[in-house]
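Shown next: target-v7.txt, given as compact mmCIF, C-alpha atoms.
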# COMPACT_ATOMS: atom_id res chain seq x y z
CA GLN G 1 -7.31 -36.89 0.11
CA LYS G 2 -10.69 -36.43 -1.57
CA GLY G 3 -10.86 -33.71 -4.18
CA HIS G 4 -7.10 -33.51 -4.74
CA GLU G 5 -5.34 -34.57 -7.90
CA PRO G 6 -3.08 -37.59 -7.08
CA LEU G 7 -0.28 -36.37 -9.37
CA LEU G 8 -0.29 -33.01 -7.61
CA LEU G 9 -0.20 -34.67 -4.19
CA ASN G 10 2.70 -36.87 -5.25
CA ALA G 11 4.61 -33.86 -6.57
CA ILE G 12 4.07 -31.91 -3.32
CA ALA G 13 4.99 -34.90 -1.14
CA GLU G 14 8.17 -35.42 -3.12
CA LYS G 15 9.08 -31.74 -2.91
CA ILE G 16 8.67 -31.48 0.88
CA GLY G 17 9.96 -34.98 1.59
CA VAL G 18 6.95 -36.58 3.32
CA PRO G 19 4.59 -39.44 2.44
CA VAL G 20 1.37 -38.45 0.70
CA LYS G 21 -0.66 -39.84 3.60
CA ASP G 22 0.92 -37.27 5.93
CA ILE G 23 -0.50 -34.33 3.97
CA ALA G 24 -3.62 -33.24 5.87
CA ASP G 25 -4.46 -30.20 3.74
CA MET G 26 -2.78 -27.40 1.83
CA GLU G 27 -2.98 -23.83 0.62
CA LEU G 28 -1.28 -23.47 -2.74
CA ASN G 29 -0.71 -20.33 -4.80
CA LEU G 30 0.78 -19.85 -8.24
CA TYR G 31 3.52 -17.25 -8.54
CA ASP G 32 5.49 -15.75 -11.38
CA VAL G 33 9.04 -16.55 -10.23
CA GLN G 34 10.74 -14.65 -13.06
CA PRO G 35 13.02 -12.03 -11.46
CA ALA G 36 12.27 -8.33 -11.84
CA ALA G 37 14.03 -6.62 -14.75
CA LEU G 38 14.75 -3.12 -15.97
CA GLY G 39 13.39 -2.08 -19.35
CA GLY G 40 13.11 0.88 -21.67
CA MET G 41 15.63 2.69 -23.84
CA LYS G 42 17.31 4.14 -20.76
CA LYS G 43 16.38 1.37 -18.32
CA GLU G 44 13.83 3.74 -16.83
CA PHE G 45 11.12 1.12 -16.24
CA LEU G 46 10.84 -1.68 -13.71
CA ASN G 47 9.06 -4.82 -14.93
CA SER G 48 8.00 -7.28 -12.26
CA ALA G 49 5.21 -9.38 -10.87
CA ARG G 50 3.10 -8.03 -7.99
CA LEU G 51 4.31 -4.43 -8.09
CA ASP G 52 0.79 -3.75 -6.85
CA ASN G 53 1.40 -3.57 -3.99
CA LEU G 54 4.84 -4.99 -3.14
CA ALA G 55 6.50 -1.89 -4.60
CA THR G 56 4.92 0.10 -1.78
CA VAL G 57 5.89 -2.56 0.77
CA PHE G 58 9.52 -2.35 -0.35
CA ALA G 59 9.70 1.45 -0.42
CA SER G 60 7.96 1.90 2.94
CA ILE G 61 10.10 -0.67 4.78
CA GLU G 62 13.30 0.75 3.28
CA ALA G 63 12.24 4.26 4.31
CA LEU G 64 11.41 3.13 7.85
CA MET G 65 14.79 1.43 8.22
CA ALA G 66 16.60 4.49 6.88
CA HIS G 67 14.71 6.74 9.28
CA SER G 68 15.38 4.39 12.20
CA ALA G 69 19.12 4.90 11.85
CA ASP G 70 18.75 7.94 14.12
CA ILE G 71 15.59 8.44 16.18
CA SER G 72 17.20 10.46 18.97
CA ASN G 73 15.02 13.48 18.21
CA ASP G 74 11.79 11.60 17.43
CA GLU G 75 8.72 12.40 19.51
CA ASP G 76 6.27 10.31 17.48
CA ILE G 77 5.80 6.66 16.57
CA CYS G 78 6.47 5.66 12.95
CA LEU G 79 4.66 2.47 11.98
CA VAL G 80 4.32 0.49 8.75
CA ALA G 81 1.29 -1.82 8.64
CA LEU G 82 1.04 -4.40 5.85
CA PHE G 83 -2.27 -6.20 5.34
CA ASP G 84 -3.41 -9.27 3.45
CA HIS G 85 -6.52 -9.61 1.26
CA GLU G 86 -6.85 -6.02 0.03
CA GLU G 87 -7.89 -7.22 -3.43
CA VAL G 88 -10.75 -9.33 -2.04
CA GLY G 89 -12.32 -6.91 0.42
CA SER G 90 -9.96 -6.90 3.44
CA GLN G 91 -12.55 -8.64 5.63
CA SER G 92 -10.32 -11.21 7.30
CA ALA G 93 -8.41 -11.74 10.53
CA GLN G 94 -5.28 -10.32 8.91
CA GLY G 95 -6.94 -7.84 6.57
CA ALA G 96 -7.43 -4.10 6.99
CA GLY G 97 -10.99 -4.76 8.15
CA SER G 98 -9.69 -6.54 11.26
CA PRO G 99 -9.04 -4.83 14.63
CA VAL G 100 -5.26 -4.98 14.06
CA MET G 101 -4.69 -1.27 13.42
CA MET G 102 -6.86 0.00 16.25
CA GLU G 103 -5.37 -2.51 18.69
CA ALA G 104 -1.85 -1.56 17.64
CA VAL G 105 -2.47 2.14 18.28
CA LYS G 106 -4.14 1.41 21.61
CA ARG G 107 -1.45 -0.97 22.89
CA ILE G 108 1.45 1.24 21.80
CA SER G 109 -0.20 4.26 23.42
CA ALA G 110 -0.78 2.33 26.64
CA ALA G 111 2.81 1.06 26.71
CA LEU G 112 4.18 4.59 26.39
CA SER G 113 1.74 6.18 28.83
CA GLU G 114 3.40 7.77 31.86
CA ARG G 115 0.31 7.26 34.01
CA PRO G 116 0.60 4.35 36.46
CA GLU G 117 -3.00 3.36 35.78
CA GLY G 118 -2.27 3.08 32.08
CA LEU G 119 -4.04 4.74 29.16
CA ASN G 120 -7.34 6.45 29.85
CA ALA G 121 -10.03 7.21 27.27
CA ASP G 122 -9.12 10.88 26.90
CA LEU G 123 -5.46 10.16 26.22
CA TYR G 124 -6.38 7.52 23.67
CA SER G 125 -8.77 9.89 21.90
CA ALA G 126 -6.07 12.57 21.82
CA CYS G 127 -3.64 10.05 20.33
CA ILE G 128 -6.14 9.21 17.59
CA ARG G 129 -6.67 12.88 16.74
CA LYS G 130 -2.92 13.49 16.50
CA SER G 131 -2.28 10.47 14.25
CA PHE G 132 -2.08 10.39 10.46
CA ILE G 133 -2.26 7.45 8.04
CA LEU G 134 -0.87 7.15 4.53
CA SER G 135 -2.98 4.61 2.68
CA VAL G 136 -0.56 3.70 -0.10
CA ASP G 137 -1.57 1.55 -3.05
CA GLN G 138 -0.26 1.68 -6.60
CA ALA G 139 -2.00 4.14 -8.94
CA HIS G 140 -3.14 3.75 -12.54
CA ALA G 141 -0.78 5.70 -14.81
CA ILE G 142 -2.09 7.12 -18.05
CA HIS G 143 -1.68 4.69 -20.95
CA PRO G 144 -0.67 6.29 -24.29
CA ASN G 145 -3.08 4.03 -26.17
CA TYR G 146 -6.00 4.69 -23.80
CA ALA G 147 -5.49 8.27 -22.69
CA SER G 148 -9.25 8.91 -22.88
CA LYS G 149 -9.74 6.68 -19.83
CA HIS G 150 -8.32 9.49 -17.68
CA GLU G 151 -9.52 13.03 -17.08
CA SER G 152 -7.38 15.36 -19.17
CA ASN G 153 -5.90 17.12 -16.10
CA HIS G 154 -5.66 14.05 -13.91
CA GLY G 155 -3.54 11.57 -15.84
CA PRO G 156 -0.56 10.46 -13.72
CA LYS G 157 2.57 9.83 -15.74
CA ILE G 158 5.18 7.17 -15.07
CA ASN G 159 8.29 8.68 -13.48
CA GLY G 160 6.25 11.82 -12.83
CA GLY G 161 5.97 11.55 -9.06
CA VAL G 162 3.74 10.19 -6.30
CA VAL G 163 0.00 10.33 -6.97
CA ILE G 164 -2.71 11.72 -4.67
CA LYS G 165 -6.02 9.93 -5.25
CA THR G 166 -9.32 11.76 -4.72
CA ASN G 167 -12.92 10.56 -5.04
CA SER G 168 -16.05 12.43 -3.91
CA ASN G 169 -17.87 9.12 -3.31
CA GLN G 170 -15.35 8.28 -0.58
CA ARG G 171 -13.70 5.46 -2.48
CA TYR G 172 -10.51 7.24 -1.45
CA THR G 173 -10.00 9.05 1.86
CA THR G 174 -8.24 12.16 0.55
CA ASN G 175 -9.83 15.46 1.54
CA GLY G 176 -8.74 19.10 1.52
CA VAL G 177 -6.72 18.80 4.70
CA THR G 178 -4.99 15.45 4.14
CA GLY G 179 -4.26 16.19 0.48
CA PHE G 180 -2.71 19.55 1.43
CA PHE G 181 -0.50 17.81 3.98
CA ILE G 182 0.97 15.49 1.32
CA ARG G 183 1.50 18.32 -1.15
CA GLU G 184 3.43 20.26 1.48
CA LEU G 185 5.37 17.16 2.50
CA GLY G 186 6.30 16.57 -1.14
CA ARG G 187 7.31 20.21 -1.60
CA GLY G 188 9.58 20.04 1.44
CA ALA G 189 11.16 16.78 0.30
CA ASN G 190 11.47 17.90 -3.34
CA VAL G 191 9.19 15.06 -4.43
CA PRO G 192 6.83 15.88 -7.34
CA ILE G 193 3.17 15.21 -6.63
CA GLN G 194 0.56 14.22 -9.22
CA GLU G 195 -3.24 14.18 -8.91
CA PHE G 196 -5.70 11.46 -9.89
CA VAL G 197 -9.50 11.74 -10.07
CA VAL G 198 -11.41 9.00 -11.88
CA ARG G 199 -13.76 10.00 -14.70
CA ASN G 200 -17.38 10.48 -13.64
CA ASP G 201 -18.63 7.87 -16.10
CA CYS G 202 -16.16 5.21 -14.93
CA PRO G 203 -16.35 3.06 -11.80
CA CYS G 204 -13.73 3.77 -9.18
CA GLY G 205 -11.79 1.16 -7.27
CA SER G 206 -10.95 1.57 -3.62
CA THR G 207 -8.22 0.89 -1.09
CA ILE G 208 -7.83 0.01 2.56
CA GLY G 209 -7.86 3.73 3.35
CA PRO G 210 -11.65 4.16 3.81
CA ILE G 211 -11.83 0.93 5.84
CA ILE G 212 -9.10 1.90 8.31
CA SER G 213 -10.20 5.53 8.54
CA ALA G 214 -13.80 4.53 9.33
CA ARG G 215 -12.72 1.99 11.97
CA THR G 216 -10.16 4.17 13.72
CA GLY G 217 -11.21 7.77 13.10
CA ILE G 218 -7.64 8.64 12.12
CA ARG G 219 -7.08 11.22 9.37
CA THR G 220 -6.05 9.40 6.20
CA VAL G 221 -4.91 10.20 2.68
CA ASP G 222 -4.77 7.87 -0.34
CA ILE G 223 -1.62 8.04 -2.43
CA GLY G 224 0.41 5.70 -4.65
CA MET G 225 3.12 5.33 -7.24
CA PRO G 226 1.90 5.19 -10.86
CA GLN G 227 2.15 2.00 -12.89
CA LEU G 228 0.78 0.22 -15.96
CA SER G 229 -0.61 -3.32 -16.39
CA MET G 230 -2.00 -3.41 -12.86
CA HIS G 231 -3.15 -6.89 -11.79
CA SER G 232 -1.38 -8.50 -14.75
CA CYS G 233 1.15 -11.26 -14.14
CA ARG G 234 3.83 -8.77 -15.23
CA GLU G 235 3.45 -5.12 -14.24
CA MET G 236 5.47 -2.00 -15.05
CA MET G 237 6.39 1.18 -13.19
CA GLY G 238 9.11 3.83 -13.32
CA ILE G 239 12.26 3.43 -11.27
CA THR G 240 12.25 7.16 -10.50
CA ASP G 241 8.80 6.86 -8.93
CA LEU G 242 10.13 4.15 -6.64
CA THR G 243 12.76 6.61 -5.46
CA TYR G 244 10.14 9.35 -5.08
CA GLY G 245 8.02 7.02 -2.95
CA PHE G 246 10.98 6.16 -0.74
CA GLU G 247 11.87 9.83 -0.27
CA LEU G 248 8.30 10.86 0.53
CA PHE G 249 7.89 8.07 3.10
CA GLN G 250 11.20 8.99 4.70
CA ALA G 251 10.17 12.64 4.89
Let me see the file written as structure tokens.
Amino acid sequence: QKGHEPLLLNAIAEKIGVPVKDIADMELNLYDVQPAALGGMKKEFLNSARLDNLATVFASIEALMAHSADISNDEDICLVALFDHEEVGSQSAQGAGSPVMMEAVKRISAALSERPEGLNADLYSACIRKSFILSVDQAHAIHPNYASKHESNHGPKINGGVVIKTNSNQRYTTNGVTGFFIRELGRGANVPIQEFVVRNDCPCGSTIGPIISARTGIRTVDIGMPQLSMHSCREMMGITDLTYGFELFQA
């Protein structure tokens, strides 16, 4: 029990109903347990903890379930992959830097292979070339008090649509081909698309997109739904953007 506060140990033991001596170790995290709430004059904003990136998790899973209602005409595999530790580098057994994505593609391809000997290298390579990844992480919306932090033509607005992120230093994976694909997908689904490019004199964050793309060789695009107060204990986004994200994922 060295290094642990006795009062904390007693509180945990009482909560889980075991003697303190039976606690070998623990992993504890602090969470804002206040429920999400709508805000704004017309209830157009969603205020909640951990919108980055649980908003994407929610929209993607809901879209996958809606799509799965009828897959009789599907010829492709639709997969949602959710990773831990994105904010601290993704280099973990369950992070995007792990072999999880590549192994998933390989094992699914092998399971569906019609060859009795299983999946050969050429078939696997063809599968990789035909695959496409949406790296989806929340985007920084333009703040009315700090509009100068954004490029004048690349300031995503809340409730303005899904954001395509581009960076020439490869902090995002978007290129001419993958960005065009999302714009066309949005046009077909009637989902407005916004563009984000960080200012040249500002550092640019990154996502799991470059990590997965480099490890798998699969074409990837970085997109996200715009929000304010990212990484705060209470974040804010537009409810319409949540719907736009759902509709784009379902498309």
d(CA of Gln91 (chain G), CA of Gly205 (chain G)) in Å
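Going from CA of Gln91 (chain G) over to CA of Gly205 (chain G) covers 16.2 Å.
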Taking all atoms listed in the file into account, which of G:Leu54, G:Val177, G:Ile133, G:Ile77 comes nearest Ile211 (chain G)?
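Closest residue, counting all atoms listed in the file: G:Ile133.
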Using all atoms listed in the file, tabulate the residues of region 71-141 of chain G lying at most 12 Å from any atom of region 189-203 of chain G, each with its closest atom pair and that distance in Å to one decimal, by chain and increasing residue number, as CSV.
residue,atom,partner,partner_atom,distance
G:Gln138,CA,G:Phe196,CA,11.7
G:Ala139,CA,G:Phe196,CA,8.3
G:His140,CA,G:Phe196,CA,8.5
G:Ala141,CA,G:Phe196,CA,9.0
Serialized selection, C-alpha atoms, as a compact mmCIF listing (two decimals), in the coordinates of the input:
# COMPACT_ATOMS: atom_id res chain seq x y z
CA GLN G 138 -0.26 1.68 -6.60
CA ALA G 139 -2.00 4.14 -8.94
CA HIS G 140 -3.14 3.75 -12.54
CA ALA G 141 -0.78 5.70 -14.81
In terms of only C-alpha atoms, the residue from G:Tyr124, G:Leu28, G:Gln34, G:Gly161 at minimal distance from Ala111 (chain G) is G:Tyr124
Using all atoms listed in the file, the best pick from G:Val33, G:Ala49, G:Val162, G:Leu9 as closest to His231 (chain G) would be G:Ala49
Select, from G:Glu114, G:Ser60, G:Leu82, G:Ala24, the residue with the minimum atom-to-atom distance to Val100 (chain G), counting only C-alpha atoms.
G:Leu82
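The spacing separating CA of Met26 (chain G) from CA of Leu7 (chain G) amounts to 14.6 Å.
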Nearest to Glu62 (chain G) by atom-to-atom distance, counting only C-alpha atoms, from G:Asn10, G:Val80, G:Asp74, G:His143
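Using only C-alpha atoms, the shortest distance to Glu62 (chain G) belongs to G:Val80.
The gap separating CA of Ile218 (chain G) from CA of Lys130 (chain G) is 8.1 Å, in Å to one decimal.
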Can you work out which one of G:Ile223, G:Ala214, G:Cys233, G:Cys127 has the shortest atom-to-atom distance to Gly245 (chain G), counting all atoms listed in the file?
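When distances to Gly245 (chain G) are compared using all atoms listed in the file, the smallest one comes from G:Ile223.
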Using only C-alpha atoms, determine which residues lie at most 12 Å from Gly217 (chain G), disregarding the query and same-chain residues fewer than 2 positions distant; provide the list as a short mmCIF file (atom, residue, chain, number, x, y, z; two decimals) with C-alpha atoms, in the coordinates of the input.
data_model
loop_
_atom_site.label_atom_id
_atom_site.label_comp_id
_atom_site.auth_asym_id
_atom_site.auth_seq_id
_atom_site.Cartn_x
_atom_site.Cartn_y
_atom_site.Cartn_z
CA MET G 101 -4.69 -1.27 13.42
CA MET G 102 -6.86 0.00 16.25
CA VAL G 105 -2.47 2.14 18.28
CA TYR G 124 -6.38 7.52 23.67
CA SER G 125 -8.77 9.89 21.90
CA ALA G 126 -6.07 12.57 21.82
CA CYS G 127 -3.64 10.05 20.33
CA ILE G 128 -6.14 9.21 17.59
CA ARG G 129 -6.67 12.88 16.74
CA LYS G 130 -2.92 13.49 16.50
CA SER G 131 -2.28 10.47 14.25
CA PHE G 132 -2.08 10.39 10.46
CA ILE G 133 -2.26 7.45 8.04
CA THR G 173 -10.00 9.05 1.86
CA GLY G 209 -7.86 3.73 3.35
CA PRO G 210 -11.65 4.16 3.81
CA ILE G 211 -11.83 0.93 5.84
CA ILE G 212 -9.10 1.90 8.31
CA SER G 213 -10.20 5.53 8.54
CA ALA G 214 -13.80 4.53 9.33
CA ARG G 215 -12.72 1.99 11.97
CA ARG G 219 -7.08 11.22 9.37
CA THR G 220 -6.05 9.40 6.20
#
Neighbours of Phe249 (chain G) within 8 Å (all atoms listed in the file; same-chain residues fewer than 2 positions away dropped), as a list of chain:residue names?
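Here the answer would be G:Ala59, G:Ser60, G:Ala63, G:Leu64, G:Gly245, G:Phe246, G:Glu247, G:Ala251.
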Put the listed atoms of region 214-217 of chain G in a box along x, y and z with 4 Å added on every side and give me the centre and edge lengths in Å to one decimal, as AutoDock Vina command-line options.
--center_x -12.0 --center_y 4.9 --center_z 11.5 --size_x 11.6 --size_y 13.8 --size_z 12.4
Considering only C-alpha atoms, return as number ranges by chain whatever protein or nucleic-acid residues lie within 7 Å of region 93-98 of chain G, sequence-local ones (same chain, fewer than 3 positions apart) excluded.
G: 83-86, 90, 208, 211-212
With all atoms listed in the file counted, which protein, DNA or RNA residues have an atom no more than 12 Å from (-15.2, 10.8, -1.7) in the file frame? Please answer as a list of chain:residue names.
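Within the cut-off we find G:Lys165, G:Thr166, G:Asn167, G:Ser168, G:Asn169, G:Gln170, G:Arg171, G:Tyr172, G:Thr173, G:Thr174, G:Asn175, G:Gly176, G:Val197, G:Val198, G:Cys204, G:Gly205, G:Ser206, G:Gly209, G:Pro210, G:Val221, G:Asp222.
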Would you put the residues from that selection into a file with C-alpha atoms, as a tab-separated table (two decimals), in the coordinates of the input?
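Below you can see again_39.tsv, which holds the result:
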chain	number	residue	atom	x	y	z
G	165	LYS	CA	-6.02	9.93	-5.25
G	166	THR	CA	-9.32	11.76	-4.72
G	167	ASN	CA	-12.92	10.56	-5.04
G	168	SER	CA	-16.05	12.43	-3.91
G	169	ASN	CA	-17.87	9.12	-3.31
G	170	GLN	CA	-15.35	8.28	-0.58
G	171	ARG	CA	-13.70	5.46	-2.48
G	172	TYR	CA	-10.51	7.24	-1.45
G	173	THR	CA	-10.00	9.05	1.86
G	174	THR	CA	-8.24	12.16	0.55
G	175	ASN	CA	-9.83	15.46	1.54
G	176	GLY	CA	-8.74	19.10	1.52
G	197	VAL	CA	-9.50	11.74	-10.07
G	198	VAL	CA	-11.41	9.00	-11.88
G	204	CYS	CA	-13.73	3.77	-9.18
G	205	GLY	CA	-11.79	1.16	-7.27
G	206	SER	CA	-10.95	1.57	-3.62
G	209	GLY	CA	-7.86	3.73	3.35
G	210	PRO	CA	-11.65	4.16	3.81
G	221	VAL	CA	-4.91	10.20	2.68
G	222	ASP	CA	-4.77	7.87	-0.34
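Residues within 6 Å of region 237-243 of chain G, counting only C-alpha atoms and excluding same-chain residues fewer than 6 positions away, are Glu44, Phe45, Leu46, Ile158, Asn159, Gly161 and Gln227 of chain G.
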Limited to C-alpha atoms, could you put the picked residues into a file as a PDB file, in the coordinates of the input?
ATOM      1  CA  GLU G  44      13.830   3.740 -16.830  1.00  0.00           C
ATOM      2  CA  PHE G  45      11.120   1.120 -16.240  1.00  0.00           C
ATOM      3  CA  LEU G  46      10.840  -1.680 -13.710  1.00  0.00           C
ATOM      4  CA  ILE G 158       5.180   7.170 -15.070  1.00  0.00           C
ATOM      5  CA  ASN G 159       8.290   8.680 -13.480  1.00  0.00           C
ATOM      6  CA  GLY G 161       5.970  11.550  -9.060  1.00  0.00           C
ATOM      7  CA  GLN G 227       2.150   2.000 -12.890  1.00  0.00           C
TER       8      GLN G 227
END
